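Data first, discussion second: the structure below is written as structure tokens.
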Amino acid sequence: MAIPSEHTLQALESLAADPTNVVYIISGRDQKFLEEHLGHIQNLGMSAEHGGFIREPGQTEWSNFTANLDMSWMDEVLEIFKYYTERTTGSHIEVKKSSITWHYRSSDPEWG
């Protein structure tokens, strides 16, 4: 459901083409997803993983704002999420470079 519609893509292309605008997409999705679905739009800035990675408008390289952070917390959190995922039918874990998310929207509301 996160894939942008044709109408949305056209609107972003139009906005980004106007030299008086600076347009950014801020997303929880990763760089690969944003590149695949929005990377063709000239002069569009993108923020992946809620600001962990930034690609400036007109650039092709990403800046990694997590490179100097201690990410060792992820292993411990992953173990906790695994514990609950095993006990909650319909839930799953999404691991990214700078975050871990426990998804439970497909679970029974009482368990999720």
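A note on labels: chains of the structure tokens are A, B, ... as shown, every chain counts residues from 1, and ligands are counted from 1 in their shown order.
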Compile the contact shell of segment 6-12 of chain A as a PDB file with all heavy atoms, in the first residue's frame: residues with an atom at most 10 Å away, counting only C-alpha atoms, same-chain residues fewer than 5 positions apart removed.
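New file out_19.pdb:
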```
ATOM      1  N   ALA A  17       9.969  19.719 -10.228  1.00  0.00           N
ATOM      2  CA  ALA A  17      10.468  20.381 -11.437  1.00  0.00           C
ATOM      3  C   ALA A  17      10.452  21.905 -11.314  1.00  0.00           C
ATOM      4  O   ALA A  17      11.159  22.597 -12.049  1.00  0.00           O
ATOM      5  CB  ALA A  17       9.647  19.943 -12.644  1.00  0.00           C
ATOM      6  N   VAL A  23      11.548  19.924  -2.520  1.00  0.00           N
ATOM      7  CA  VAL A  23      10.604  18.868  -2.173  1.00  0.00           C
ATOM      8  C   VAL A  23      11.344  17.664  -1.599  1.00  0.00           C
ATOM      9  O   VAL A  23      12.319  17.186  -2.184  1.00  0.00           O
ATOM     10  CB  VAL A  23       9.787  18.422  -3.418  1.00  0.00           C
ATOM     11  CG1 VAL A  23       8.760  17.357  -3.044  1.00  0.00           C
ATOM     12  CG2 VAL A  23       9.101  19.621  -4.064  1.00  0.00           C
ATOM     13  N   TYR A  24      10.888  17.207  -0.431  1.00  0.00           N
ATOM     14  CA  TYR A  24      11.432  16.017   0.223  1.00  0.00           C
ATOM     15  C   TYR A  24      10.307  15.045   0.519  1.00  0.00           C
ATOM     16  O   TYR A  24       9.203  15.445   0.886  1.00  0.00           O
ATOM     17  CB  TYR A  24      12.082  16.375   1.560  1.00  0.00           C
ATOM     18  CG  TYR A  24      13.505  16.828   1.472  1.00  0.00           C
ATOM     19  CD1 TYR A  24      13.809  18.156   1.195  1.00  0.00           C
ATOM     20  CD2 TYR A  24      14.548  15.940   1.670  1.00  0.00           C
ATOM     21  CE1 TYR A  24      15.117  18.591   1.115  1.00  0.00           C
ATOM     22  CE2 TYR A  24      15.865  16.374   1.599  1.00  0.00           C
ATOM     23  CZ  TYR A  24      16.141  17.687   1.325  1.00  0.00           C
ATOM     24  OH  TYR A  24      17.438  18.110   1.245  1.00  0.00           O
ATOM     25  N   ILE A  25      10.626  13.773   0.409  1.00  0.00           N
ATOM     26  CA  ILE A  25       9.760  12.704   0.881  1.00  0.00           C
ATOM     27  C   ILE A  25      10.398  12.181   2.161  1.00  0.00           C
ATOM     28  O   ILE A  25      11.580  11.816   2.161  1.00  0.00           O
ATOM     29  CB  ILE A  25       9.654  11.555  -0.152  1.00  0.00           C
ATOM     30  CG1 ILE A  25       8.892  12.017  -1.390  1.00  0.00           C
ATOM     31  CG2 ILE A  25       8.998  10.324   0.467  1.00  0.00           C
ATOM     32  CD1 ILE A  25       7.450  12.385  -1.156  1.00  0.00           C
ATOM     33  N   HIS A  37      10.914   3.349  -6.244  1.00  0.00           N
ATOM     34  CA  HIS A  37       9.620   3.948  -6.569  1.00  0.00           C
ATOM     35  C   HIS A  37       9.659   5.448  -6.827  1.00  0.00           C
ATOM     36  O   HIS A  37       8.744   5.981  -7.462  1.00  0.00           O
ATOM     37  CB  HIS A  37       8.619   3.642  -5.460  1.00  0.00           C
ATOM     38  CG  HIS A  37       8.343   2.178  -5.324  1.00  0.00           C
ATOM     39  ND1 HIS A  37       7.581   1.479  -6.229  1.00  0.00           N
ATOM     40  CD2 HIS A  37       8.780   1.268  -4.422  1.00  0.00           C
ATOM     41  CE1 HIS A  37       7.538   0.214  -5.889  1.00  0.00           C
ATOM     42  NE2 HIS A  37       8.259   0.055  -4.798  1.00  0.00           N
ATOM     43  N   LEU A  38      10.712   6.134  -6.336  1.00  0.00           N
ATOM     44  CA  LEU A  38      10.770   7.583  -6.485  1.00  0.00           C
ATOM     45  C   LEU A  38      12.093   8.089  -7.047  1.00  0.00           C
ATOM     46  O   LEU A  38      12.225   9.279  -7.331  1.00  0.00           O
ATOM     47  CB  LEU A  38      10.518   8.254  -5.126  1.00  0.00           C
ATOM     48  CG  LEU A  38       9.197   7.917  -4.446  1.00  0.00           C
ATOM     49  CD1 LEU A  38       9.194   8.418  -3.007  1.00  0.00           C
ATOM     50  CD2 LEU A  38       8.039   8.492  -5.224  1.00  0.00           C
ATOM     51  N   HIS A  40      13.530   8.031  -9.787  1.00  0.00           N
ATOM     52  CA  HIS A  40      13.546   8.596 -11.145  1.00  0.00           C
ATOM     53  C   HIS A  40      13.141  10.067 -11.173  1.00  0.00           C
ATOM     54  O   HIS A  40      13.324  10.740 -12.179  1.00  0.00           O
ATOM     55  CB  HIS A  40      12.609   7.791 -12.048  1.00  0.00           C
ATOM     56  CG  HIS A  40      11.168   7.912 -11.655  1.00  0.00           C
ATOM     57  ND1 HIS A  40      10.637   7.195 -10.598  1.00  0.00           N
ATOM     58  CD2 HIS A  40      10.166   8.676 -12.146  1.00  0.00           C
ATOM     59  CE1 HIS A  40       9.352   7.514 -10.474  1.00  0.00           C
ATOM     60  NE2 HIS A  40       9.043   8.410 -11.408  1.00  0.00           N
ATOM     61  N   ILE A  41      12.604  10.588 -10.077  1.00  0.00           N
ATOM     62  CA  ILE A  41      12.109  11.967 -10.056  1.00  0.00           C
ATOM     63  C   ILE A  41      13.280  12.919  -9.808  1.00  0.00           C
ATOM     64  O   ILE A  41      13.924  12.864  -8.754  1.00  0.00           O
ATOM     65  CB  ILE A  41      11.021  12.164  -8.991  1.00  0.00           C
ATOM     66  CG1 ILE A  41       9.835  11.234  -9.279  1.00  0.00           C
ATOM     67  CG2 ILE A  41      10.573  13.628  -8.950  1.00  0.00           C
ATOM     68  CD1 ILE A  41       8.754  11.246  -8.219  1.00  0.00           C
ATOM     69  N   GLN A  42      13.567  13.749 -10.791  1.00  0.00           N
ATOM     70  CA  GLN A  42      14.672  14.704 -10.704  1.00  0.00           C
ATOM     71  C   GLN A  42      14.410  15.724  -9.595  1.00  0.00           C
ATOM     72  O   GLN A  42      13.282  16.177  -9.421  1.00  0.00           O
ATOM     73  CB  GLN A  42      14.849  15.433 -12.037  1.00  0.00           C
ATOM     74  CG  GLN A  42      15.239  14.525 -13.182  1.00  0.00           C
ATOM     75  CD  GLN A  42      16.628  13.926 -12.968  1.00  0.00           C
ATOM     76  OE1 GLN A  42      17.582  14.623 -12.653  1.00  0.00           O
ATOM     77  NE2 GLN A  42      16.724  12.621 -13.123  1.00  0.00           N
ATOM     78  N   ASN A  43      15.453  16.071  -8.869  1.00  0.00           N
ATOM     79  CA  ASN A  43      15.409  17.111  -7.829  1.00  0.00           C
ATOM     80  C   ASN A  43      14.477  16.798  -6.666  1.00  0.00           C
ATOM     81  O   ASN A  43      13.982  17.713  -6.007  1.00  0.00           O
ATOM     82  CB  ASN A  43      15.058  18.475  -8.430  1.00  0.00           C
ATOM     83  CG  ASN A  43      16.111  18.916  -9.420  1.00  0.00           C
ATOM     84  OD1 ASN A  43      17.302  18.794  -9.155  1.00  0.00           O
ATOM     85  ND2 ASN A  43      15.681  19.394 -10.572  1.00  0.00           N
ATOM     86  N   LEU A  44      14.237  15.531  -6.395  1.00  0.00           N
ATOM     87  CA  LEU A  44      13.432  15.128  -5.250  1.00  0.00           C
ATOM     88  C   LEU A  44      14.364  14.685  -4.130  1.00  0.00           C
ATOM     89  O   LEU A  44      15.190  13.786  -4.320  1.00  0.00           O
ATOM     90  CB  LEU A  44      12.487  13.974  -5.622  1.00  0.00           C
ATOM     91  CG  LEU A  44      11.601  13.436  -4.496  1.00  0.00           C
ATOM     92  CD1 LEU A  44      10.585  14.498  -4.072  1.00  0.00           C
ATOM     93  CD2 LEU A  44      10.905  12.161  -4.926  1.00  0.00           C
TER      94      LEU A  44
END
```
Which polymer residues have any atom within 12 Å of an atom of Trp73 of chain A, counting only C-alpha atoms, with same-chain residues fewer than 4 positions away left out, as a PyMOL selection string?
-> chain A and resi 69+77-80+98-100
Where in chain A does DSSP assign helix (DSSP H, G or I), given as a PyMOL selection string?
-> chain A and resi 6-17+31-38+49-51+73-87
Can you write out the residues you just picked, keeping N, CA and C atoms, as a compact mmCIF listing (two decimals), in the first residue's frame?
```
# COMPACT_ATOMS: atom_id res chain seq x y z
N GLU A 6 0.08 6.65 -9.63
CA GLU A 6 0.53 7.44 -10.79
C GLU A 6 0.22 8.92 -10.58
N HIS A 7 -0.91 9.20 -10.00
CA HIS A 7 -1.31 10.59 -9.71
C HIS A 7 -0.31 11.24 -8.74
N THR A 8 0.08 10.51 -7.71
CA THR A 8 1.06 11.02 -6.74
C THR A 8 2.41 11.25 -7.39
N LEU A 9 2.83 10.32 -8.22
CA LEU A 9 4.12 10.47 -8.92
C LEU A 9 4.11 11.70 -9.82
N GLN A 10 3.01 11.92 -10.53
CA GLN A 10 2.91 13.09 -11.40
C GLN A 10 2.95 14.38 -10.59
N ALA A 11 2.28 14.39 -9.45
CA ALA A 11 2.29 15.58 -8.59
C ALA A 11 3.70 15.85 -8.06
N LEU A 12 4.40 14.82 -7.62
CA LEU A 12 5.77 14.99 -7.13
C LEU A 12 6.70 15.48 -8.23
N GLU A 13 6.55 14.91 -9.42
CA GLU A 13 7.38 15.33 -10.55
C GLU A 13 7.15 16.81 -10.87
N SER A 14 5.91 17.22 -10.85
CA SER A 14 5.57 18.61 -11.13
C SER A 14 6.13 19.54 -10.06
N LEU A 15 5.94 19.20 -8.81
CA LEU A 15 6.44 20.02 -7.71
C LEU A 15 7.97 20.11 -7.73
N ALA A 16 8.63 18.97 -7.93
CA ALA A 16 10.10 18.94 -7.91
C ALA A 16 10.69 19.65 -9.13
N ALA A 17 9.97 19.72 -10.23
CA ALA A 17 10.47 20.38 -11.44
C ALA A 17 10.45 21.91 -11.31
N GLN A 31 16.11 2.87 1.84
CA GLN A 31 16.64 3.54 0.65
C GLN A 31 16.27 2.80 -0.63
N LYS A 32 16.35 1.49 -0.60
CA LYS A 32 16.07 0.69 -1.79
C LYS A 32 14.64 0.93 -2.27
N PHE A 33 13.69 0.92 -1.34
CA PHE A 33 12.28 1.14 -1.70
C PHE A 33 12.10 2.53 -2.32
N LEU A 34 12.68 3.55 -1.67
CA LEU A 34 12.52 4.91 -2.17
C LEU A 34 13.18 5.08 -3.54
N GLU A 35 14.35 4.50 -3.71
CA GLU A 35 15.03 4.56 -5.02
C GLU A 35 14.18 3.89 -6.09
N GLU A 36 13.64 2.74 -5.76
CA GLU A 36 12.86 1.97 -6.75
C GLU A 36 11.60 2.72 -7.19
N HIS A 37 10.91 3.35 -6.24
CA HIS A 37 9.62 3.95 -6.57
C HIS A 37 9.66 5.45 -6.83
N LEU A 38 10.71 6.13 -6.34
CA LEU A 38 10.77 7.58 -6.48
C LEU A 38 12.09 8.09 -7.05
N GLU A 49 14.10 5.66 6.30
CA GLU A 49 14.13 5.17 7.68
C GLU A 49 13.98 6.31 8.68
N HIS A 50 13.01 7.16 8.45
CA HIS A 50 12.66 8.28 9.34
C HIS A 50 13.84 9.19 9.65
N GLY A 51 14.65 9.46 8.66
CA GLY A 51 15.75 10.40 8.83
C GLY A 51 17.10 9.77 9.05
N TRP A 73 22.13 -1.91 20.34
CA TRP A 73 20.83 -2.13 20.96
C TRP A 73 19.93 -3.01 20.09
N MET A 74 20.19 -3.02 18.78
CA MET A 74 19.30 -3.73 17.86
C MET A 74 19.25 -5.23 18.13
N ASP A 75 20.37 -5.84 18.50
CA ASP A 75 20.38 -7.28 18.76
C ASP A 75 19.49 -7.64 19.94
N GLU A 76 19.55 -6.85 21.00
CA GLU A 76 18.73 -7.12 22.18
C GLU A 76 17.25 -6.91 21.89
N VAL A 77 16.93 -5.85 21.18
CA VAL A 77 15.53 -5.58 20.83
C VAL A 77 15.00 -6.66 19.90
N LEU A 78 15.83 -7.11 18.97
CA LEU A 78 15.40 -8.17 18.05
C LEU A 78 15.01 -9.43 18.82
N GLU A 79 15.77 -9.79 19.83
CA GLU A 79 15.44 -10.97 20.63
C GLU A 79 14.10 -10.81 21.35
N ILE A 80 13.84 -9.63 21.87
CA ILE A 80 12.56 -9.36 22.53
C ILE A 80 11.42 -9.46 21.53
N PHE A 81 11.61 -8.87 20.35
CA PHE A 81 10.57 -8.93 19.32
C PHE A 81 10.33 -10.36 18.85
N LYS A 82 11.38 -11.15 18.74
CA LYS A 82 11.22 -12.56 18.35
C LYS A 82 10.36 -13.30 19.36
N TYR A 83 10.60 -13.04 20.64
CA TYR A 83 9.82 -13.67 21.71
C TYR A 83 8.33 -13.42 21.51
N TYR A 84 7.96 -12.16 21.27
CA TYR A 84 6.56 -11.81 21.11
C TYR A 84 6.00 -12.25 19.75
N THR A 85 6.81 -12.26 18.73
CA THR A 85 6.36 -12.70 17.41
C THR A 85 5.99 -14.19 17.44
N GLU A 86 6.78 -14.98 18.16
CA GLU A 86 6.50 -16.42 18.29
C GLU A 86 5.17 -16.66 19.00
N ARG A 87 4.74 -15.73 19.80
CA ARG A 87 3.53 -15.89 20.61
C ARG A 87 2.33 -15.11 20.07
```
Which value, in Å to one decimal, gives the distance between atom CA of Ser63 of chain A and atom CA of Pro4 of chain A?
->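 That distance, rounded to one decimal, is 23.4 Å.
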Record the distance separating atom CA of Ser91 of chain A and atom CA of Ser106 of chain A, expressed in Å with one decimal.
->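 About the pair atom CA of Ser91 of chain A and atom CA of Ser106 of chain A: they are 6.3 Å apart.
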Give the strand (DSSP E) residues of chain A, as assigned by DSSP on the backbone, as a VMD selection string.
-> chain A and resid 23 to 26 44 to 48 53 to 55 63 to 64 92 to 95 100 to 103
Atomic separation - atom CA of Ser72 of chain A relative to atom CA of Lys97 of chain A, Å | 11.6 Å
